[in-house]
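Since the structure comes first, as structure tokens, the remarks are kept for the end.
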Amino acid sequence: MAEYTGVVRALDLALRLGAEQVDLLLDSKLIVEQLHGRWRVKDAKLAVLHGEAKAQLAKMRGWSATHVPRAQNSTADRLANEALDRVAAGGPARVARARLIPPSA
């Protein structure tokens, strides 16, 4: 449920920002295979979120979903754990971070 909710929220944000294409990098092989239609969605609760995700993807000009094992994506894993720890300590659920890109020479 949490991973599908994250996908739906990310797609909602992408659409609000005007994205026409998204490349989803997910540590859930289940979600990747279900979004591509190769695996069925058996759980009724997940089916609702899957339907929302597919409806959002249909608004895009293009999209991809790729499975990236958690062990190969330490940055995402670290950020997710930081968020869980922050919320557990009573902190905000959402934090915006900017990545500064140095000017090109």
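By convention in this document, the chains of the structure tokens carry letters A, B, ... by their order, each chain's residues are numbered from 1, and ligands are numbered from 1 in the order they are shown.
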Closest atom pairs, residues of segment 9-53 of chain A within 9 Å of segment 59-78 of chain A, only C-alpha atoms, as a tab-separated table:
```
residue	atom	partner	partner_atom	distance
A:Leu15	CA	A:Met60	CA	8.0
A:Ala19	CA	A:Met60	CA	7.5
A:Glu20	CA	A:Met60	CA	4.9
A:Gln21	CA	A:Gly62	CA	4.7
A:Val22	CA	A:Trp63	CA	4.8
A:Asp23	CA	A:Ser64	CA	4.7
A:Leu24	CA	A:Ala65	CA	4.5
A:Leu25	CA	A:Thr66	CA	5.0
A:Leu26	CA	A:His67	CA	5.1
A:Asp27	CA	A:Val68	CA	5.0
A:Ser28	CA	A:His67	CA	6.4
A:Lys29	CA	A:His67	CA	5.4
A:Leu30	CA	A:His67	CA	8.9
A:Ile31	CA	A:Ala65	CA	8.7
A:Val32	CA	A:Ala65	CA	5.6
A:Glu33	CA	A:Ala65	CA	8.5
A:Leu35	CA	A:Ala65	CA	7.6
A:His36	CA	A:Ala65	CA	7.7
```
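Neighbours of segment 42-52 of chain A closer than or equal to 10 Å, with only C-alpha atoms counted and sequence neighbours fewer than 6 positions away skipped, come out as Met1, Ala2, Glu3, Tyr4, Thr5, Gly6, Val7, Val8, Arg9, Leu11, Asp12, Ile31, Gln34, Leu35 and Ala58 of chain A.
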Write out, as an mmCIF file, in the first residue's frame, the residues just selected, with N, CA and C atoms.
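Okay, this is what ended up in selection_19.cif:
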```cif
data_model
loop_
_atom_site.group_PDB
_atom_site.id
_atom_site.type_symbol
_atom_site.label_atom_id
_atom_site.label_comp_id
_atom_site.auth_asym_id
_atom_site.auth_seq_id
_atom_site.Cartn_x
_atom_site.Cartn_y
_atom_site.Cartn_z
ATOM 1 N N MET A 1 0.822 -1.192 0.000
ATOM 2 C CA MET A 1 0.000 0.000 0.000
ATOM 3 C C MET A 1 0.871 1.263 0.000
ATOM 4 N N ALA A 2 1.883 1.286 0.847
ATOM 5 C CA ALA A 2 2.719 2.486 0.957
ATOM 6 C C ALA A 2 3.455 2.769 -0.350
ATOM 7 N N GLU A 3 3.970 1.726 -0.979
ATOM 8 C CA GLU A 3 4.727 1.942 -2.217
ATOM 9 C C GLU A 3 3.816 2.412 -3.342
ATOM 10 N N TYR A 4 2.622 1.823 -3.449
ATOM 11 C CA TYR A 4 1.684 2.264 -4.480
ATOM 12 C C TYR A 4 1.228 3.696 -4.197
ATOM 13 N N THR A 5 1.006 4.014 -2.932
ATOM 14 C CA THR A 5 0.620 5.379 -2.578
ATOM 15 C C THR A 5 1.715 6.354 -2.985
ATOM 16 N N GLY A 6 2.969 5.972 -2.772
ATOM 17 C CA GLY A 6 4.083 6.813 -3.187
ATOM 18 C C GLY A 6 4.118 7.032 -4.689
ATOM 19 N N VAL A 7 3.828 5.987 -5.456
ATOM 20 C CA VAL A 7 3.792 6.112 -6.914
ATOM 21 C C VAL A 7 2.686 7.073 -7.331
ATOM 22 N N VAL A 8 1.511 6.902 -6.756
ATOM 23 C CA VAL A 8 0.368 7.761 -7.109
ATOM 24 C C VAL A 8 0.668 9.215 -6.767
ATOM 25 N N ARG A 9 1.258 9.453 -5.601
ATOM 26 C CA ARG A 9 1.592 10.838 -5.203
ATOM 27 C C ARG A 9 2.683 11.428 -6.088
ATOM 28 N N LEU A 11 3.293 10.628 -9.209
ATOM 29 C CA LEU A 11 2.705 10.913 -10.517
ATOM 30 C C LEU A 11 1.818 12.149 -10.461
ATOM 31 N N ASP A 12 1.097 12.312 -9.364
ATOM 32 C CA ASP A 12 0.267 13.507 -9.197
ATOM 33 C C ASP A 12 1.142 14.758 -9.223
ATOM 34 N N ILE A 31 5.192 -3.852 -8.315
ATOM 35 C CA ILE A 31 4.560 -2.673 -8.902
ATOM 36 C C ILE A 31 5.011 -2.492 -10.347
ATOM 37 N N GLN A 34 3.192 -5.029 -12.460
ATOM 38 C CA GLN A 34 1.763 -4.725 -12.548
ATOM 39 C C GLN A 34 1.499 -3.503 -13.426
ATOM 40 N N LEU A 35 2.330 -2.483 -13.316
ATOM 41 C CA LEU A 35 2.138 -1.298 -14.156
ATOM 42 C C LEU A 35 2.304 -1.639 -15.637
ATOM 43 N N ALA A 58 -1.676 7.386 -18.129
ATOM 44 C CA ALA A 58 -2.351 7.565 -19.417
ATOM 45 C C ALA A 58 -2.361 9.028 -19.854
#
```
Name the residues of segment 22-81 of chain A that fall into strand (DSSP E) according to DSSP on the backbone, using the chain letters and numbers of this document, as a PDB file with C-alpha atoms, in the first residue's frame.
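Result saved to part.pdb:
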```pdb
ATOM      1  CA  VAL A  22       8.239  10.044 -16.288  1.00  0.00           C
ATOM      2  CA  ASP A  23      10.811   7.368 -15.615  1.00  0.00           C
ATOM      3  CA  LEU A  24       9.895   5.494 -12.446  1.00  0.00           C
ATOM      4  CA  LEU A  25      12.738   3.728 -10.636  1.00  0.00           C
ATOM      5  CA  LEU A  26      11.102   1.415  -8.112  1.00  0.00           C
ATOM      6  CA  GLY A  62       5.471   8.470 -22.304  1.00  0.00           C
ATOM      7  CA  TRP A  63       6.579   6.590 -19.229  1.00  0.00           C
ATOM      8  CA  SER A  64       8.834   3.807 -18.043  1.00  0.00           C
ATOM      9  CA  ALA A  65       9.000   1.779 -14.854  1.00  0.00           C
ATOM     10  CA  THR A  66      12.212  -0.001 -13.968  1.00  0.00           C
ATOM     11  CA  HIS A  67      12.961  -2.284 -11.031  1.00  0.00           C
TER      12      HIS A  67
END
```
Give me every alpha helix (DSSP H) residue in segment 4-101 of chain A, going by DSSP on the backbone, as a count of residues only. 50
One decimal place gives the atom CA of Leu79 of chain A-atom CA of Ala14 of chain A separation as 19.3 Å
Separation of atom CA of Pro92 of chain A from atom CA of Leu13 of chain A, in Å and rounded to one decimal: 18.6 Å
